[in-house]
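**Student:** What follows is a single structure, and I will ask about it in a moment.
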Amino acid sequence: MQHIHSYRPAGEITDPPVDTVTLPHDLRHLRRKLLHLSNGDMVMLDLKEAVLFHHGDRLVLDSGDTVEVQAAPEKLLEVKARDTLHLIELAWHLGNRHLSAQIEEGRILILRDHVIRAMLEGLGATVAEVEEPFQPARGAYHSHGGHSHGGHSHDHGHGHGHEHGHHHD
């Protein structure tokens with residue numbers, strides 16, 4: 001069985017990968033794990049620190065060959081707004097609930113949740129069910145987005161509490 005001790009960010013390696021591993025967003029934060037490749041082979045990922053992998057990142061096998069990480073399609077809600085200001089307001093409401101979200105120019109993607117869907121529709125959003133790869137934005141408290149490639153260091157300590165000082169009159 002081959003081992004993986006290093007990785008490279010998406011786009012850095014142009015040679016084709018020898019295989020792929022497809023994972024949903026919540027299983028792409030890895031340090032040590034037995035991975036099942038698309039061809040049925042298994043490899044042992046064994047990194048010094050946990051890494052949050054993105055679609056297209058490359059895992060480097062002991063042989064020097066690479067395996068490409070692919071984001072699995074997931075059941076999501078696609079949120080669209082009336083205009084840019086409305087999209088920002090919807091993003092604020094989602095962020096205030098600490099929800100993982102993929103924010104794009106014309107839409108926001110979140111994991112399916114009927115309660116959140118009702119809230120968004122109540123705020124005037126157009127919400128549709130979609131199934132596609134999910135790459136949520138990383139939190140502001142992650143070092144370099146939680147994905148520093150230079151020294152392959154990753155600070156996943158938050159160093160903050162979740163007190164928000166909500167004020168209700």
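We label chains A, B, ... in the order they appear in the structure tokens, count residues from 1 in each chain, and number ligands from 1 in the order shown.
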Can you pull out every residue within 12 Å of Gln2 (chain A), counting only C-alpha atoms, but drop anything in the same chain fewer than 6 positions away, and send it as a list in words?
**Tutor:**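 The neighbour list is Leu34, Leu35, His36, Leu37, Asp41, Met42, Val43, Met44, Leu45, Asp46, Leu59, Val60, Leu61, Asp62, Ser63, Gly64, Asp65, Thr66 and Val67 of chain A.
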**Student:** Could you take the residues named above and write them with all heavy atoms, as a tab-separated table (two decimals), in the first residue's frame?
**Tutor:**
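Below is the file selection.tsv, written as the result:
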```
chain	number	residue	atom	x	y	z
A	34	LEU	N	-7.19	6.26	5.83
A	34	LEU	CA	-7.13	5.32	4.72
A	34	LEU	C	-8.12	5.81	3.66
A	34	LEU	O	-9.30	5.96	3.94
A	34	LEU	CB	-7.50	3.92	5.20
A	34	LEU	CG	-7.31	2.79	4.20
A	34	LEU	CD1	-5.83	2.64	3.83
A	34	LEU	CD2	-7.84	1.49	4.80
A	35	LEU	N	-7.61	6.10	2.48
A	35	LEU	CA	-8.45	6.65	1.41
A	35	LEU	C	-8.71	5.59	0.35
A	35	LEU	O	-7.79	4.87	-0.06
A	35	LEU	CB	-7.77	7.85	0.76
A	35	LEU	CG	-7.49	9.04	1.66
A	35	LEU	CD1	-6.70	10.10	0.91
A	35	LEU	CD2	-8.79	9.62	2.20
A	36	HIS	N	-9.94	5.53	-0.12
A	36	HIS	CA	-10.33	4.60	-1.19
A	36	HIS	C	-10.36	5.38	-2.50
A	36	HIS	O	-11.16	6.30	-2.65
A	36	HIS	CB	-11.70	4.00	-0.88
A	36	HIS	CG	-11.71	3.19	0.37
A	36	HIS	ND1	-11.50	1.83	0.39
A	36	HIS	CD2	-11.87	3.55	1.66
A	36	HIS	CE1	-11.54	1.39	1.63
A	36	HIS	NE2	-11.76	2.42	2.42
A	37	LEU	N	-9.49	5.00	-3.42
A	37	LEU	CA	-9.41	5.69	-4.70
A	37	LEU	C	-10.49	5.19	-5.65
A	37	LEU	O	-11.09	4.14	-5.44
A	37	LEU	CB	-8.02	5.47	-5.30
A	37	LEU	CG	-6.83	5.86	-4.41
A	37	LEU	CD1	-5.52	5.63	-5.14
A	37	LEU	CD2	-6.96	7.30	-3.94
A	41	ASP	N	-8.21	0.95	-5.40
A	41	ASP	CA	-7.02	0.86	-4.56
A	41	ASP	C	-7.21	1.68	-3.30
A	41	ASP	O	-8.06	2.57	-3.24
A	41	ASP	CB	-5.79	1.39	-5.31
A	41	ASP	CG	-5.32	0.46	-6.42
A	41	ASP	OD1	-5.78	-0.70	-6.46
A	41	ASP	OD2	-4.50	0.92	-7.25
A	42	MET	N	-6.39	1.39	-2.30
A	42	MET	CA	-6.39	2.17	-1.07
A	42	MET	C	-4.99	2.74	-0.85
A	42	MET	O	-3.99	2.10	-1.19
A	42	MET	CB	-6.79	1.30	0.12
A	42	MET	CG	-8.24	0.87	0.05
A	42	MET	SD	-8.83	0.04	1.54
A	42	MET	CE	-7.84	-1.43	1.53
A	43	VAL	N	-4.93	3.95	-0.29
A	43	VAL	CA	-3.67	4.58	0.07
A	43	VAL	C	-3.82	5.15	1.48
A	43	VAL	O	-4.93	5.47	1.91
A	43	VAL	CB	-3.27	5.71	-0.92
A	43	VAL	CG1	-3.00	5.14	-2.30
A	43	VAL	CG2	-4.31	6.80	-0.97
A	44	MET	N	-2.71	5.23	2.17
A	44	MET	CA	-2.73	5.78	3.53
A	44	MET	C	-2.23	7.21	3.51
A	44	MET	O	-1.08	7.48	3.17
A	44	MET	CB	-1.85	4.94	4.47
A	44	MET	CG	-1.77	5.53	5.88
A	44	MET	SD	-3.35	5.83	6.69
A	44	MET	CE	-3.73	4.21	7.30
A	45	LEU	N	-3.12	8.13	3.86
A	45	LEU	CA	-2.76	9.54	4.00
A	45	LEU	C	-2.23	9.70	5.41
A	45	LEU	O	-2.88	9.33	6.38
A	45	LEU	CB	-3.99	10.42	3.80
A	45	LEU	CG	-3.78	11.91	4.01
A	45	LEU	CD1	-3.00	12.51	2.84
A	45	LEU	CD2	-5.11	12.62	4.15
A	46	ASP	N	-1.03	10.27	5.54
A	46	ASP	CA	-0.41	10.45	6.85
A	46	ASP	C	0.38	11.76	6.83
A	46	ASP	O	1.56	11.78	6.50
A	46	ASP	CB	0.50	9.27	7.18
A	46	ASP	CG	0.98	9.27	8.62
A	46	ASP	OD1	0.50	10.12	9.41
A	46	ASP	OD2	1.85	8.45	8.96
A	59	LEU	N	-2.67	14.98	-3.89
A	59	LEU	CA	-1.99	14.21	-2.86
A	59	LEU	C	-0.79	13.54	-3.54
A	59	LEU	O	-0.94	12.93	-4.60
A	59	LEU	CB	-2.93	13.16	-2.28
A	59	LEU	CG	-4.28	13.68	-1.78
A	59	LEU	CD1	-5.17	12.51	-1.35
A	59	LEU	CD2	-4.08	14.67	-0.66
A	60	VAL	N	0.41	13.64	-2.95
A	60	VAL	CA	1.61	13.11	-3.56
A	60	VAL	C	1.94	11.75	-2.94
A	60	VAL	O	2.22	11.66	-1.73
A	60	VAL	CB	2.80	14.08	-3.40
A	60	VAL	CG1	4.04	13.53	-4.08
A	60	VAL	CG2	2.45	15.46	-3.96
A	61	LEU	N	1.90	10.72	-3.77
A	61	LEU	CA	2.23	9.36	-3.32
A	61	LEU	C	3.73	9.22	-3.14
A	61	LEU	O	4.52	9.99	-3.71
A	61	LEU	CB	1.75	8.34	-4.36
A	61	LEU	CG	0.24	8.28	-4.59
A	61	LEU	CD1	-0.07	7.53	-5.87
A	61	LEU	CD2	-0.43	7.60	-3.41
A	62	ASP	N	4.16	8.21	-2.36
A	62	ASP	CA	5.59	7.94	-2.17
A	62	ASP	C	6.31	7.78	-3.51
A	62	ASP	O	7.48	8.12	-3.63
A	62	ASP	CB	5.79	6.68	-1.31
A	62	ASP	CG	5.45	6.92	0.14
A	62	ASP	OD1	5.49	8.08	0.60
A	62	ASP	OD2	5.14	5.93	0.84
A	63	SER	N	5.62	7.25	-4.50
A	63	SER	CA	6.20	7.03	-5.83
A	63	SER	C	6.43	8.34	-6.59
A	63	SER	O	7.09	8.35	-7.62
A	63	SER	CB	5.28	6.13	-6.66
A	63	SER	OG	4.06	6.82	-6.94
A	64	GLY	N	5.83	9.44	-6.12
A	64	GLY	CA	5.91	10.72	-6.82
A	64	GLY	C	4.69	10.99	-7.67
A	64	GLY	O	4.46	12.11	-8.10
A	65	ASP	N	3.90	9.95	-7.95
A	65	ASP	CA	2.64	10.13	-8.66
A	65	ASP	C	1.67	10.90	-7.77
A	65	ASP	O	1.85	10.97	-6.56
A	65	ASP	CB	2.02	8.79	-9.03
A	65	ASP	CG	2.82	8.05	-10.11
A	65	ASP	OD1	3.44	8.72	-10.96
A	65	ASP	OD2	2.82	6.80	-10.08
A	66	THR	N	0.62	11.44	-8.39
A	66	THR	CA	-0.35	12.20	-7.59
A	66	THR	C	-1.76	11.65	-7.75
A	66	THR	O	-2.10	11.04	-8.77
A	66	THR	CB	-0.36	13.69	-7.97
A	66	THR	OG1	-0.78	13.85	-9.32
A	66	THR	CG2	1.01	14.33	-7.75
A	67	VAL	N	-2.56	11.90	-6.72
A	67	VAL	CA	-3.98	11.57	-6.70
A	67	VAL	C	-4.71	12.90	-6.53
A	67	VAL	O	-4.35	13.70	-5.67
A	67	VAL	CB	-4.30	10.62	-5.52
A	67	VAL	CG1	-5.79	10.45	-5.35
A	67	VAL	CG2	-3.60	9.28	-5.69
```
**Student:** Just the residues within 7 Å of Pro133 (chain A), please, counting only C-alpha atoms, with nothing from its chain fewer than 5 positions along; format it as an mmCIF file with N, CA and C atoms, in the first residue's frame.
**Tutor:**
```cif
data_model
loop_
_atom_site.group_PDB
_atom_site.id
_atom_site.type_symbol
_atom_site.label_atom_id
_atom_site.label_comp_id
_atom_site.auth_asym_id
_atom_site.auth_seq_id
_atom_site.Cartn_x
_atom_site.Cartn_y
_atom_site.Cartn_z
ATOM 1 N N ALA A 71 -14.262 17.081 -5.199
ATOM 2 C CA ALA A 71 -15.398 17.381 -4.321
ATOM 3 C C ALA A 71 -16.604 16.581 -4.799
ATOM 4 N N ALA A 72 -17.193 15.807 -3.901
ATOM 5 C CA ALA A 72 -18.365 14.994 -4.228
ATOM 6 C C ALA A 72 -19.594 15.883 -4.374
ATOM 7 N N PRO A 73 -20.487 15.544 -5.292
ATOM 8 C CA PRO A 73 -21.763 16.268 -5.348
ATOM 9 C C PRO A 73 -22.525 16.081 -4.038
ATOM 10 N N GLU A 74 -23.150 17.167 -3.558
ATOM 11 C CA GLU A 74 -23.900 17.120 -2.306
ATOM 12 C C GLU A 74 -25.265 17.752 -2.502
#
```
**Student:** Using DSSP assignments from the backbone, pull out every residue in chain A that falls under alpha helix (DSSP H) and give it to me as a list in words.
**Tutor:** Thr84, Leu85, His86, Leu87, Ile88, Glu89, Leu90, Ala91, Trp92, His93, Leu94, Gly95, Asn96, His114, Val115, Ile116, Arg117, Ala118, Met119, Leu120, Glu121 and Gly122 of chain A
**Student:** Mind writing the picked residues with N, CA and C atoms as a PDB file, in the first residue's frame?
**Tutor:**
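Here's the written file selection.pdb:
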```
ATOM      1  N   THR A  84     -27.927  42.686  -5.513  1.00  0.00           N
ATOM      2  CA  THR A  84     -26.690  42.498  -4.752  1.00  0.00           C
ATOM      3  C   THR A  84     -26.871  42.798  -3.269  1.00  0.00           C
ATOM      4  N   LEU A  85     -27.548  43.880  -2.936  1.00  0.00           N
ATOM      5  CA  LEU A  85     -27.761  44.224  -1.534  1.00  0.00           C
ATOM      6  C   LEU A  85     -28.556  43.125  -0.829  1.00  0.00           C
ATOM      7  N   HIS A  86     -29.564  42.599  -1.480  1.00  0.00           N
ATOM      8  CA  HIS A  86     -30.364  41.517  -0.901  1.00  0.00           C
ATOM      9  C   HIS A  86     -29.496  40.274  -0.680  1.00  0.00           C
ATOM     10  N   LEU A  87     -28.592  39.969  -1.619  1.00  0.00           N
ATOM     11  CA  LEU A  87     -27.690  38.819  -1.466  1.00  0.00           C
ATOM     12  C   LEU A  87     -26.793  39.004  -0.234  1.00  0.00           C
ATOM     13  N   ILE A  88     -26.315  40.227  -0.041  1.00  0.00           N
ATOM     14  CA  ILE A  88     -25.476  40.516   1.131  1.00  0.00           C
ATOM     15  C   ILE A  88     -26.287  40.330   2.415  1.00  0.00           C
ATOM     16  N   GLU A  89     -27.507  40.798   2.418  1.00  0.00           N
ATOM     17  CA  GLU A  89     -28.368  40.627   3.596  1.00  0.00           C
ATOM     18  C   GLU A  89     -28.608  39.145   3.894  1.00  0.00           C
ATOM     19  N   LEU A  90     -28.859  38.351   2.849  1.00  0.00           N
ATOM     20  CA  LEU A  90     -29.073  36.909   3.043  1.00  0.00           C
ATOM     21  C   LEU A  90     -27.800  36.245   3.582  1.00  0.00           C
ATOM     22  N   ALA A  91     -26.658  36.650   3.048  1.00  0.00           N
ATOM     23  CA  ALA A  91     -25.378  36.111   3.524  1.00  0.00           C
ATOM     24  C   ALA A  91     -25.174  36.458   5.002  1.00  0.00           C
ATOM     25  N   TRP A  92     -25.556  37.666   5.384  1.00  0.00           N
ATOM     26  CA  TRP A  92     -25.437  38.062   6.789  1.00  0.00           C
ATOM     27  C   TRP A  92     -26.276  37.149   7.679  1.00  0.00           C
ATOM     28  N   HIS A  93     -27.524  36.890   7.287  1.00  0.00           N
ATOM     29  CA  HIS A  93     -28.397  36.023   8.078  1.00  0.00           C
ATOM     30  C   HIS A  93     -27.816  34.612   8.194  1.00  0.00           C
ATOM     31  N   LEU A  94     -27.251  34.093   7.130  1.00  0.00           N
ATOM     32  CA  LEU A  94     -26.643  32.751   7.164  1.00  0.00           C
ATOM     33  C   LEU A  94     -25.398  32.761   8.053  1.00  0.00           C
ATOM     34  N   GLY A  95     -24.572  33.786   7.914  1.00  0.00           N
ATOM     35  CA  GLY A  95     -23.361  33.888   8.727  1.00  0.00           C
ATOM     36  C   GLY A  95     -23.678  34.052  10.201  1.00  0.00           C
ATOM     37  N   ASN A  96     -24.748  34.773  10.503  1.00  0.00           N
ATOM     38  CA  ASN A  96     -25.161  34.963  11.888  1.00  0.00           C
ATOM     39  C   ASN A  96     -25.556  33.638  12.535  1.00  0.00           C
ATOM     40  N   HIS A 114     -34.564  22.439   5.961  1.00  0.00           N
ATOM     41  CA  HIS A 114     -35.906  22.975   5.708  1.00  0.00           C
ATOM     42  C   HIS A 114     -36.219  24.214   6.551  1.00  0.00           C
ATOM     43  N   VAL A 115     -35.674  24.299   7.753  1.00  0.00           N
ATOM     44  CA  VAL A 115     -35.923  25.467   8.603  1.00  0.00           C
ATOM     45  C   VAL A 115     -35.245  26.702   8.004  1.00  0.00           C
ATOM     46  N   ILE A 116     -33.996  26.545   7.581  1.00  0.00           N
ATOM     47  CA  ILE A 116     -33.261  27.664   6.983  1.00  0.00           C
ATOM     48  C   ILE A 116     -33.900  28.053   5.645  1.00  0.00           C
ATOM     49  N   ARG A 117     -34.356  27.049   4.901  1.00  0.00           N
ATOM     50  CA  ARG A 117     -35.033  27.349   3.633  1.00  0.00           C
ATOM     51  C   ARG A 117     -36.255  28.239   3.878  1.00  0.00           C
ATOM     52  N   ALA A 118     -37.059  27.894   4.871  1.00  0.00           N
ATOM     53  CA  ALA A 118     -38.251  28.688   5.192  1.00  0.00           C
ATOM     54  C   ALA A 118     -37.862  30.108   5.599  1.00  0.00           C
ATOM     55  N   MET A 119     -36.792  30.245   6.383  1.00  0.00           N
ATOM     56  CA  MET A 119     -36.331  31.568   6.791  1.00  0.00           C
ATOM     57  C   MET A 119     -35.930  32.385   5.569  1.00  0.00           C
ATOM     58  N   LEU A 120     -35.137  31.782   4.668  1.00  0.00           N
ATOM     59  CA  LEU A 120     -34.663  32.485   3.479  1.00  0.00           C
ATOM     60  C   LEU A 120     -35.818  32.896   2.571  1.00  0.00           C
ATOM     61  N   GLU A 121     -36.781  32.003   2.380  1.00  0.00           N
ATOM     62  CA  GLU A 121     -37.939  32.332   1.563  1.00  0.00           C
ATOM     63  C   GLU A 121     -38.754  33.444   2.213  1.00  0.00           C
ATOM     64  N   GLY A 122     -38.831  33.437   3.544  1.00  0.00           N
ATOM     65  CA  GLY A 122     -39.511  34.507   4.276  1.00  0.00           C
ATOM     66  C   GLY A 122     -38.818  35.852   4.109  1.00  0.00           C
TER      67      GLY A 122
END
```
**Student:** So how far away is CA of Leu111 (chain A) from CA of His55 (chain A), in Å?
**Tutor:**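 CA of His55 (chain A) sits 17.3 Å away from CA of Leu111 (chain A).
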**Student:** Out of A:Leu23, A:Lys80, A:Ile103, A:His29, which residue has the shortest atom-to-atom distance to Glu49 (chain A) when counting only C-alpha atoms?
**Tutor:**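 That would be A:His29, the residue with the smallest distance to Glu49 (chain A).
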**Student:** Please provide as a PyMOL selection string all residues within 6 Å of Leu76 (chain A), with the sequence filter that same-chain residues fewer than 6 positions apart are discarded (counting only C-alpha atoms).
**Tutor:** chain A and resi 110-112+129-131
**Student:** Write out, as a short mmCIF file (atom, residue, chain, number, x, y, z; two decimals), in the first residue's frame, the residues just selected, with C-alpha atoms.
**Tutor:**
```cif
data_model
loop_
_atom_site.label_atom_id
_atom_site.label_comp_id
_atom_site.auth_asym_id
_atom_site.auth_seq_id
_atom_site.Cartn_x
_atom_site.Cartn_y
_atom_site.Cartn_z
CA ILE A 110 -25.75 25.86 1.67
CA LEU A 111 -26.52 22.35 2.86
CA ARG A 112 -30.20 21.50 2.69
CA GLU A 129 -32.63 22.26 -4.43
CA VAL A 130 -29.47 21.40 -6.37
CA GLU A 131 -26.88 18.64 -6.23
#
```
**Student:** Using DSSP on the backbone coordinates, identify the residues of region 36-121 of chain A assigned to strand (DSSP E or B); present them as a PDB file with C-alpha atoms, in the first residue's frame.
**Tutor:**
```
ATOM      1  CA  HIS A  36     -10.332   4.604  -1.186  1.00  0.00           C
ATOM      2  CA  MET A  42      -6.387   2.172  -1.068  1.00  0.00           C
ATOM      3  CA  VAL A  43      -3.669   4.584   0.068  1.00  0.00           C
ATOM      4  CA  MET A  44      -2.728   5.778   3.534  1.00  0.00           C
ATOM      5  CA  LEU A  45      -2.765   9.535   4.001  1.00  0.00           C
ATOM      6  CA  ASP A  46      -0.409  10.454   6.849  1.00  0.00           C
ATOM      7  CA  LEU A  47       0.300  14.171   7.175  1.00  0.00           C
ATOM      8  CA  LYS A  48       1.987  16.028  10.050  1.00  0.00           C
ATOM      9  CA  GLU A  49      -1.004  18.355  10.452  1.00  0.00           C
ATOM     10  CA  ALA A  50      -4.640  18.385   9.408  1.00  0.00           C
ATOM     11  CA  VAL A  51      -5.395  19.968   6.029  1.00  0.00           C
ATOM     12  CA  LEU A  52      -8.671  21.229   4.583  1.00  0.00           C
ATOM     13  CA  ARG A  58      -3.118  16.859  -5.319  1.00  0.00           C
ATOM     14  CA  LEU A  59      -1.987  14.211  -2.862  1.00  0.00           C
ATOM     15  CA  VAL A  60       1.611  13.105  -3.562  1.00  0.00           C
ATOM     16  CA  LEU A  61       2.232   9.360  -3.322  1.00  0.00           C
ATOM     17  CA  THR A  66      -0.350  12.200  -7.587  1.00  0.00           C
ATOM     18  CA  VAL A  67      -3.981  11.570  -6.697  1.00  0.00           C
ATOM     19  CA  GLU A  68      -6.461  14.383  -7.287  1.00  0.00           C
ATOM     20  CA  VAL A  69      -8.989  15.315  -4.598  1.00  0.00           C
ATOM     21  CA  GLN A  70     -12.449  15.775  -6.069  1.00  0.00           C
ATOM     22  CA  ALA A  71     -15.398  17.381  -4.321  1.00  0.00           C
ATOM     23  CA  PRO A  73     -21.763  16.268  -5.348  1.00  0.00           C
ATOM     24  CA  GLU A  74     -23.900  17.120  -2.306  1.00  0.00           C
ATOM     25  CA  LYS A  75     -27.548  17.951  -1.694  1.00  0.00           C
ATOM     26  CA  LEU A  76     -27.633  21.725  -1.408  1.00  0.00           C
ATOM     27  CA  LEU A  77     -29.907  24.715  -1.453  1.00  0.00           C
ATOM     28  CA  GLU A  78     -29.173  27.352  -4.080  1.00  0.00           C
ATOM     29  CA  VAL A  79     -30.126  30.769  -2.736  1.00  0.00           C
ATOM     30  CA  LYS A  80     -30.707  33.661  -5.146  1.00  0.00           C
ATOM     31  CA  GLN A 102     -20.347  28.801  -0.700  1.00  0.00           C
ATOM     32  CA  ILE A 103     -20.750  32.421  -1.728  1.00  0.00           C
ATOM     33  CA  ILE A 108     -25.151  31.252  -2.186  1.00  0.00           C
ATOM     34  CA  LEU A 109     -25.019  27.474  -1.709  1.00  0.00           C
ATOM     35  CA  ILE A 110     -25.745  25.864   1.669  1.00  0.00           C
ATOM     36  CA  LEU A 111     -26.518  22.355   2.862  1.00  0.00           C
TER      37      LEU A 111
END
```
